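Containing PDB, C-alpha atoms and all ligand atoms: start.pdb.
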```pdb
ATOM      1  CA  MET F   1    -140.818  44.893-132.875
ATOM      2  CA  ARG F   2    -141.973  45.431-136.412
ATOM      3  CA  LEU F   3    -145.168  44.101-137.924
ATOM      4  CA  ALA F   4    -146.046  43.807-141.616
ATOM      5  CA  VAL F   5    -149.709  43.456-142.572
ATOM      6  CA  LEU F   6    -150.838  41.849-145.850
ATOM      7  CA  VAL F   7    -154.191  43.088-147.191
ATOM      8  CA  SER F   8    -156.438  42.971-150.249
ATOM      9  CA  GLY F   9    -159.764  44.426-149.232
ATOM     10  CA  THR F  10    -161.655  46.844-147.047
ATOM     11  CA  GLY F  11    -158.984  46.854-144.336
ATOM     12  CA  THR F  12    -161.153  47.183-141.236
ATOM     13  CA  ILE F  13    -158.844  44.820-139.343
ATOM     14  CA  LEU F  14    -155.773  46.821-140.388
ATOM     15  CA  ASP F  15    -157.533  50.032-139.369
ATOM     16  CA  ALA F  16    -158.288  48.606-135.919
ATOM     17  CA  MET F  17    -154.670  47.426-135.568
ATOM     18  CA  ALA F  18    -153.367  50.905-136.309
ATOM     19  CA  ASP F  19    -155.926  52.507-133.950
ATOM     20  CA  ALA F  20    -154.835  50.065-131.222
ATOM     21  CA  GLY F  21    -151.235  51.190-131.620
ATOM     22  CA  LEU F  22    -149.747  47.960-132.980
ATOM     23  CA  PRO F  23    -146.313  48.701-134.495
ATOM     24  CA  VAL F  24    -147.323  48.302-138.151
ATOM     25  CA  SER F  25    -144.169  49.136-140.137
ATOM     26  CA  LEU F  26    -145.399  48.153-143.571
ATOM     27  CA  VAL F  27    -148.684  47.328-145.303
ATOM     28  CA  VAL F  28    -148.463  45.258-148.475
ATOM     29  CA  ALA F  29    -151.395  44.649-150.831
ATOM     30  CA  ASP F  30    -151.723  42.406-153.862
ATOM     31  CA  ARG F  31    -154.038  44.907-155.588
ATOM     32  CA  PRO F  32    -155.112  48.513-155.163
ATOM     33  CA  CYS F  33    -157.676  48.464-152.339
ATOM     34  CA  ARG F  34    -159.260  50.524-149.568
ATOM     35  CA  ALA F  35    -156.899  48.979-147.012
ATOM     36  CA  ILE F  36    -153.996  50.778-148.697
ATOM     37  CA  GLU F  37    -155.840  54.107-148.470
ATOM     38  CA  LEU F  38    -156.446  53.478-144.759
ATOM     39  CA  ALA F  39    -152.747  52.678-144.237
ATOM     40  CA  VAL F  40    -151.757  55.905-145.977
ATOM     41  CA  GLY F  41    -154.206  57.757-143.711
ATOM     42  CA  HIS F  42    -152.412  56.289-140.694
ATOM     43  CA  GLY F  43    -149.033  57.337-142.119
ATOM     44  CA  ILE F  44    -147.896  53.718-142.518
ATOM     45  CA  PRO F  45    -145.530  52.901-145.420
ATOM     46  CA  THR F  46    -147.318  50.889-148.108
ATOM     47  CA  SER F  47    -146.439  48.776-151.083
ATOM     48  CA  VAL F  48    -148.726  47.301-153.736
ATOM     49  CA  VAL F  49    -147.150  44.182-155.181
ATOM     50  CA  GLU F  50    -149.756  43.842-157.850
ATOM     51  CA  ARG F  51    -150.634  40.461-159.341
ATOM     52  CA  ASP F  52    -150.162  40.382-163.089
ATOM     53  CA  SER F  53    -152.854  37.739-163.472
ATOM     54  CA  PHE F  54    -155.802  36.138-161.699
ATOM     55  CA  GLY F  55    -155.863  33.267-164.208
ATOM     56  CA  ASP F  56    -154.180  29.894-164.649
ATOM     57  CA  ASP F  57    -150.998  31.538-165.891
ATOM     58  CA  PHE F  58    -150.377  33.237-162.516
ATOM     59  CA  ASP F  59    -146.860  32.352-161.326
ATOM     60  CA  ARG F  60    -147.478  31.964-157.616
ATOM     61  CA  THR F  61    -143.875  31.202-156.697
ATOM     62  CA  ALA F  62    -142.472  34.177-158.610
ATOM     63  CA  TYR F  63    -145.118  36.416-157.037
ATOM     64  CA  THR F  64    -144.243  35.116-153.560
ATOM     65  CA  GLU F  65    -140.559  35.826-154.190
ATOM     66  CA  LYS F  66    -141.400  39.410-155.153
ATOM     67  CA  LEU F  67    -143.423  39.822-151.976
ATOM     68  CA  VAL F  68    -140.626  38.368-149.830
ATOM     69  CA  ALA F  69    -138.169  40.853-151.384
ATOM     70  CA  GLU F  70    -140.523  43.678-150.429
ATOM     71  CA  LEU F  71    -140.757  42.409-146.835
ATOM     72  CA  ASP F  72    -136.998  41.919-146.674
ATOM     73  CA  ALA F  73    -136.452  45.590-147.474
ATOM     74  CA  VAL F  74    -137.797  46.295-143.971
ATOM     75  CA  ASP F  75    -136.700  44.437-140.855
ATOM     76  CA  ILE F  76    -139.887  42.526-140.077
ATOM     77  CA  ASP F  77    -140.495  40.464-136.923
ATOM     78  CA  LEU F  78    -144.025  39.273-137.603
ATOM     79  CA  ILE F  79    -146.332  39.139-140.630
ATOM     80  CA  ALA F  80    -150.113  39.320-140.196
ATOM     81  CA  MET F  81    -152.421  38.469-143.078
ATOM     82  CA  ALA F  82    -155.611  40.486-142.682
ATOM     83  CA  GLY F  83    -157.948  39.664-145.544
ATOM     84  CA  PHE F  84    -155.098  38.919-147.969
ATOM     85  CA  GLY F  85    -156.468  37.376-151.158
ATOM     86  CA  THR F  86    -153.496  35.562-152.698
ATOM     87  CA  ILE F  87    -152.393  32.076-151.717
ATOM     88  CA  LEU F  88    -148.643  32.258-151.214
ATOM     89  CA  GLU F  89    -146.009  29.644-151.942
ATOM     90  CA  GLN F  90    -143.127  28.043-150.109
ATOM     91  CA  PRO F  91    -140.576  30.936-150.301
ATOM     92  CA  ILE F  92    -142.395  33.049-147.708
ATOM     93  CA  TYR F  93    -142.905  30.078-145.369
ATOM     94  CA  GLU F  94    -139.183  29.321-145.577
ATOM     95  CA  ARG F  95    -138.046  32.905-145.105
ATOM     96  CA  PHE F  96    -140.439  33.769-142.255
ATOM     97  CA  ALA F  97    -141.053  30.325-140.748
ATOM     98  CA  GLY F  98    -143.234  30.477-137.634
ATOM     99  CA  ARG F  99    -143.700  34.236-137.999
ATOM    100  CA  ILE F 100    -146.749  34.446-140.263
ATOM    101  CA  LEU F 101    -150.243  34.777-138.825
ATOM    102  CA  ASN F 102    -153.689  34.663-140.363
ATOM    103  CA  THR F 103    -157.214  35.285-139.187
ATOM    104  CA  HIS F 104    -160.084  33.341-140.699
ATOM    105  CA  PRO F 105    -163.842  33.936-140.376
ATOM    106  CA  SER F 106    -164.824  30.436-139.153
ATOM    107  CA  LEU F 107    -163.993  28.054-136.363
ATOM    108  CA  LEU F 108    -161.218  26.121-138.128
ATOM    109  CA  PRO F 109    -160.870  23.343-139.092
ATOM    110  CA  ALA F 110    -164.506  23.921-140.147
ATOM    111  CA  PHE F 111    -164.981  25.870-143.371
ATOM    112  CA  PRO F 112    -161.484  26.682-144.625
ATOM    113  CA  GLY F 113    -161.195  28.655-147.869
ATOM    114  CA  TRP F 114    -162.687  31.775-149.394
ATOM    115  CA  ARG F 115    -166.355  31.013-148.754
ATOM    116  CA  ALA F 116    -166.193  30.304-145.032
ATOM    117  CA  VAL F 117    -169.127  32.495-144.024
ATOM    118  CA  GLU F 118    -171.317  31.393-146.938
ATOM    119  CA  GLU F 119    -170.595  27.715-146.253
ATOM    120  CA  ALA F 120    -171.298  28.040-142.530
ATOM    121  CA  LEU F 121    -174.699  29.564-143.374
ATOM    122  CA  ALA F 122    -175.423  26.936-146.031
ATOM    123  CA  HIS F 123    -174.658  24.170-143.510
ATOM    124  CA  GLY F 124    -177.120  25.675-141.047
ATOM    125  CA  VAL F 125    -174.609  25.831-138.197
ATOM    126  CA  GLN F 126    -175.917  27.667-135.152
ATOM    127  CA  VAL F 127    -172.524  28.821-133.994
ATOM    128  CA  THR F 128    -169.537  29.932-136.035
ATOM    129  CA  GLY F 129    -166.750  32.400-135.243
ATOM    130  CA  CYS F 130    -163.172  33.225-136.086
ATOM    131  CA  THR F 131    -159.745  31.662-135.750
ATOM    132  CA  VAL F 132    -156.343  33.280-135.389
ATOM    133  CA  HIS F 133    -153.619  30.841-136.369
ATOM    134  CA  TYR F 134    -150.073  30.484-137.634
ATOM    135  CA  ALA F 135    -150.174  30.379-141.419
ATOM    136  CA  GLU F 136    -148.567  27.465-143.191
ATOM    137  CA  LEU F 137    -148.335  26.398-146.819
ATOM    138  CA  GLU F 138    -151.660  24.569-146.671
ATOM    139  CA  VAL F 139    -154.405  27.210-146.715
ATOM    140  CA  ASP F 140    -156.132  27.886-143.364
ATOM    141  CA  SER F 141    -154.133  25.178-141.596
ATOM    142  CA  GLY F 142    -151.435  25.744-139.014
ATOM    143  CA  PRO F 143    -151.502  25.791-135.224
ATOM    144  CA  ILE F 144    -154.464  27.643-133.725
ATOM    145  CA  LEU F 145    -153.658  30.535-131.405
ATOM    146  CA  ALA F 146    -157.126  31.843-130.511
ATOM    147  CA  GLN F 147    -160.786  31.366-131.397
ATOM    148  CA  GLU F 148    -164.016  33.080-130.547
ATOM    149  CA  THR F 149    -167.580  32.005-131.203
ATOM    150  CA  VAL F 150    -170.366  34.009-132.849
ATOM    151  CA  PRO F 151    -174.017  32.854-132.911
ATOM    152  CA  VAL F 152    -175.767  32.584-136.280
ATOM    153  CA  LEU F 153    -179.073  34.469-136.115
ATOM    154  CA  PRO F 154    -182.205  33.269-137.957
ATOM    155  CA  ASP F 155    -182.267  36.218-140.380
ATOM    156  CA  ASP F 156    -178.501  36.343-141.036
ATOM    157  CA  ASP F 157    -177.171  36.667-144.556
ATOM    158  CA  VAL F 158    -173.481  36.432-145.531
ATOM    159  CA  ALA F 159    -172.902  40.161-145.076
ATOM    160  CA  SER F 160    -174.557  40.488-141.655
ATOM    161  CA  LEU F 161    -172.903  37.342-140.286
ATOM    162  CA  HIS F 162    -169.469  38.327-141.621
ATOM    163  CA  GLU F 163    -169.795  41.776-140.045
ATOM    164  CA  ARG F 164    -170.599  40.251-136.643
ATOM    165  CA  ILE F 165    -167.677  37.859-137.004
ATOM    166  CA  LYS F 166    -165.335  40.727-137.895
ATOM    167  CA  ALA F 167    -166.500  42.644-134.821
ATOM    168  CA  VAL F 168    -165.015  39.898-132.615
ATOM    169  CA  GLU F 169    -162.170  39.062-135.002
ATOM    170  CA  ARG F 170    -160.586  42.511-134.799
ATOM    171  CA  PRO F 171    -159.985  42.630-131.019
ATOM    172  CA  LEU F 172    -159.059  38.929-130.907
ATOM    173  CA  TYR F 173    -156.403  39.337-133.631
ATOM    174  CA  ILE F 174    -155.024  42.495-132.024
ATOM    175  CA  GLU F 175    -154.807  40.856-128.579
ATOM    176  CA  THR F 176    -153.105  37.771-130.025
ATOM    177  CA  ILE F 177    -150.577  39.799-132.011
ATOM    178  CA  ARG F 178    -149.847  41.971-129.007
ATOM    179  CA  SER F 179    -149.101  38.950-126.843
ATOM    180  CA  LEU F 180    -146.785  37.510-129.528
ATOM    181  CA  LEU F 181    -144.939  40.801-129.921
ATOM    182  CA  ASP F 182    -144.485  40.938-126.152
ATOM    183  CA  ALA F 183    -143.176  37.367-126.132
ATOM    184  CA  PRO F 184    -141.881  36.506-129.628
ATOM    185  CA  PRO F 185    -142.706  32.982-130.882
ATOM    186  CA  THR F 186    -140.146  30.361-129.906
ATOM    187  CA  ARG F 187    -141.149  27.913-132.628
ATOM    188  CA  GLU F 188    -139.526  29.965-135.378
ATOM    189  CA  VAL F 189    -136.965  28.391-137.682
ATOM    190  CA  CYS F 190    -135.649  31.634-139.156
ATOM    191  CA  LYS F 191    -133.102  31.649-141.936
TER     192      LYS F 191
HETATM  193  C1  LIG G   1    -161.728  38.962-142.324
HETATM  194  O1  LIG G   1    -162.962  38.360-141.964
HETATM  195  C2  LIG G   1    -160.667  37.924-142.514
HETATM  196  O2  LIG G   1    -160.770  36.836-141.639
HETATM  197  C3  LIG G   1    -160.946  37.472-143.911
HETATM  198  O3  LIG G   1    -161.202  38.680-144.603
HETATM  199  C4  LIG G   1    -161.777  39.615-143.693
HETATM  200  C5  LIG G   1    -160.951  40.884-143.776
HETATM  201  O4  LIG G   1    -161.713  42.016-143.462
HETATM  202  N1  LIG G   1    -159.859  36.693-144.447
HETATM  203  P1  LIG G   1    -161.162  43.508-143.638
HETATM  204  O5  LIG G   1    -160.636  43.656-145.064
HETATM  205  O6  LIG G   1    -160.069  43.711-142.632
HETATM  206  O7  LIG G   1    -162.342  44.386-143.381
END
```
Please render this file's structure as structure tokens.
Ligand code: GRF
Amino acid sequence: MRLAVLVSGTGTILDAMADAGLPVSLVVADRPCRAIELAVGHGIPTSVVERDSFGDDFDRTAYTEKLVAELDAVDIDLIAMAGFGTILEQPIYERFAGRILNTHPSLLPAFPGWRAVEEALAHGVQVTGCTVHYAELEVDSGPILAQETVPVLPDDDVASLHERIKAVERPLYIETIRSLLDAPPTREVCK
């Protein structure tokens, strides 16, 4: 079984996946980032499919097609987004239907989007957490596979709360991926 991991940032989840022995065959980033350096350190093949724009002129569909071509060059069974910062378009959800996962730092459907931790704090919730789910075209939607709660402490700021969430997110994501690789998803509609 071959796993591709999509990253944009610090890559602590990717690092934990590699340490846990998940069969990561390819790491793809949308920008140069620490996650790519970590992948190289683990001897995992990498590819940076760099965005040419972060503005209104960004062609999301064309970018997605480029990314799909990169993934198609390797025989991939499962794709795991791990802090990937680009919203992807239909072509990837058609090509890898039912085989794309995401992890999100809130208890979905609460607080979807980029500011999940900040919004949970601003709302004054006492409990938040993380969600591992199938990724679909609508951001942070898709069937939920696993969740775990994390208490919000009185002196938490965004950084401290996000770190505590990531501490539970890493093993939860790894466990979930491992169980899917052992028993591949049956809901796939692969082309
Ligand atoms: C995780 O909290 C993930 O849910 C969110 O970005 C974070 C990635 O962390 N989308 P890292 O780059 O693996 O350290």
Counting only C-alpha atoms and all ligand atoms, which protein, DNA or RNA residues come within 10 Å of ligand LIG 1 (chain G), given as a PyMOL selection string?
-> chain F and resi 6-17+33-35+81-85+102-106+113-117+129-132+140+162-170+173
Would you mind exporting C-alpha atoms of the selected residues as an mmCIF file, keeping the file's coordinate frame?
```cif
data_model
loop_
_atom_site.group_PDB
_atom_site.id
_atom_site.type_symbol
_atom_site.label_atom_id
_atom_site.label_comp_id
_atom_site.auth_asym_id
_atom_site.auth_seq_id
_atom_site.Cartn_x
_atom_site.Cartn_y
_atom_site.Cartn_z
ATOM 1 C CA LEU F 6 -150.838 41.849 -145.850
ATOM 2 C CA VAL F 7 -154.191 43.088 -147.191
ATOM 3 C CA SER F 8 -156.438 42.971 -150.249
ATOM 4 C CA GLY F 9 -159.764 44.426 -149.232
ATOM 5 C CA THR F 10 -161.655 46.844 -147.047
ATOM 6 C CA GLY F 11 -158.984 46.854 -144.336
ATOM 7 C CA THR F 12 -161.153 47.183 -141.236
ATOM 8 C CA ILE F 13 -158.844 44.820 -139.343
ATOM 9 C CA LEU F 14 -155.773 46.821 -140.388
ATOM 10 C CA ASP F 15 -157.533 50.032 -139.369
ATOM 11 C CA ALA F 16 -158.288 48.606 -135.919
ATOM 12 C CA MET F 17 -154.670 47.426 -135.568
ATOM 13 C CA CYS F 33 -157.676 48.464 -152.339
ATOM 14 C CA ARG F 34 -159.260 50.524 -149.568
ATOM 15 C CA ALA F 35 -156.899 48.979 -147.012
ATOM 16 C CA MET F 81 -152.421 38.469 -143.078
ATOM 17 C CA ALA F 82 -155.611 40.486 -142.682
ATOM 18 C CA GLY F 83 -157.948 39.664 -145.544
ATOM 19 C CA PHE F 84 -155.098 38.919 -147.969
ATOM 20 C CA GLY F 85 -156.468 37.376 -151.158
ATOM 21 C CA ASN F 102 -153.689 34.663 -140.363
ATOM 22 C CA THR F 103 -157.214 35.285 -139.187
ATOM 23 C CA HIS F 104 -160.084 33.341 -140.699
ATOM 24 C CA PRO F 105 -163.842 33.936 -140.376
ATOM 25 C CA SER F 106 -164.824 30.436 -139.153
ATOM 26 C CA GLY F 113 -161.195 28.655 -147.869
ATOM 27 C CA TRP F 114 -162.687 31.775 -149.394
ATOM 28 C CA ARG F 115 -166.355 31.013 -148.754
ATOM 29 C CA ALA F 116 -166.193 30.304 -145.032
ATOM 30 C CA VAL F 117 -169.127 32.495 -144.024
ATOM 31 C CA GLY F 129 -166.750 32.400 -135.243
ATOM 32 C CA CYS F 130 -163.172 33.225 -136.086
ATOM 33 C CA THR F 131 -159.745 31.662 -135.750
ATOM 34 C CA VAL F 132 -156.343 33.280 -135.389
ATOM 35 C CA ASP F 140 -156.132 27.886 -143.364
ATOM 36 C CA HIS F 162 -169.469 38.327 -141.621
ATOM 37 C CA GLU F 163 -169.795 41.776 -140.045
ATOM 38 C CA ARG F 164 -170.599 40.251 -136.643
ATOM 39 C CA ILE F 165 -167.677 37.859 -137.004
ATOM 40 C CA LYS F 166 -165.335 40.727 -137.895
ATOM 41 C CA ALA F 167 -166.500 42.644 -134.821
ATOM 42 C CA VAL F 168 -165.015 39.898 -132.615
ATOM 43 C CA GLU F 169 -162.170 39.062 -135.002
ATOM 44 C CA ARG F 170 -160.586 42.511 -134.799
ATOM 45 C CA TYR F 173 -156.403 39.337 -133.631
#
```
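In this structure, atom CA of F:Gln90 sits 29.0 Å away from atom CA of F:Glu37.
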May I have the residues within 6 Å of F:Leu78 as a list in words, using all atoms listed in the file and disregarding those fewer than 2 positions away in the same chain?
-> Leu3, Ile76 and Arg99 of chain F
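Taken over the whole file, the PyMOL selection byres (((chain F and resi 66) around 12) and not hetatm) covers exactly Val28, Asp30, Ser47, Val48, Val49, Glu50, Arg51, Asp52, Asp59, Arg60, Thr61, Ala62, Tyr63, Thr64, Glu65, Leu67, Val68, Ala69, Glu70, Leu71, Asp72, Ala73, Leu88, Glu89, Pro91 and Ile92 of chain F.
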Output the selection as an mmCIF file, in the coordinates of the input - C-alpha atoms for each residue.
```cif
data_model
loop_
_atom_site.group_PDB
_atom_site.id
_atom_site.type_symbol
_atom_site.label_atom_id
_atom_site.label_comp_id
_atom_site.auth_asym_id
_atom_site.auth_seq_id
_atom_site.Cartn_x
_atom_site.Cartn_y
_atom_site.Cartn_z
ATOM 1 C CA VAL F 28 -148.463 45.258 -148.475
ATOM 2 C CA ASP F 30 -151.723 42.406 -153.862
ATOM 3 C CA SER F 47 -146.439 48.776 -151.083
ATOM 4 C CA VAL F 48 -148.726 47.301 -153.736
ATOM 5 C CA VAL F 49 -147.150 44.182 -155.181
ATOM 6 C CA GLU F 50 -149.756 43.842 -157.850
ATOM 7 C CA ARG F 51 -150.634 40.461 -159.341
ATOM 8 C CA ASP F 52 -150.162 40.382 -163.089
ATOM 9 C CA ASP F 59 -146.860 32.352 -161.326
ATOM 10 C CA ARG F 60 -147.478 31.964 -157.616
ATOM 11 C CA THR F 61 -143.875 31.202 -156.697
ATOM 12 C CA ALA F 62 -142.472 34.177 -158.610
ATOM 13 C CA TYR F 63 -145.118 36.416 -157.037
ATOM 14 C CA THR F 64 -144.243 35.116 -153.560
ATOM 15 C CA GLU F 65 -140.559 35.826 -154.190
ATOM 16 C CA LEU F 67 -143.423 39.822 -151.976
ATOM 17 C CA VAL F 68 -140.626 38.368 -149.830
ATOM 18 C CA ALA F 69 -138.169 40.853 -151.384
ATOM 19 C CA GLU F 70 -140.523 43.678 -150.429
ATOM 20 C CA LEU F 71 -140.757 42.409 -146.835
ATOM 21 C CA ASP F 72 -136.998 41.919 -146.674
ATOM 22 C CA ALA F 73 -136.452 45.590 -147.474
ATOM 23 C CA LEU F 88 -148.643 32.258 -151.214
ATOM 24 C CA GLU F 89 -146.009 29.644 -151.942
ATOM 25 C CA PRO F 91 -140.576 30.936 -150.301
ATOM 26 C CA ILE F 92 -142.395 33.049 -147.708
#
```
Using the chain letters and numbering of this document, enumerate as number ranges by chain the residues selected by the PyMOL selection byres (((chain F and resi 77) around 10) and not hetatm).
-> F: 1-4, 25, 74-76, 78-79, 96, 99-100, 181, 184-185
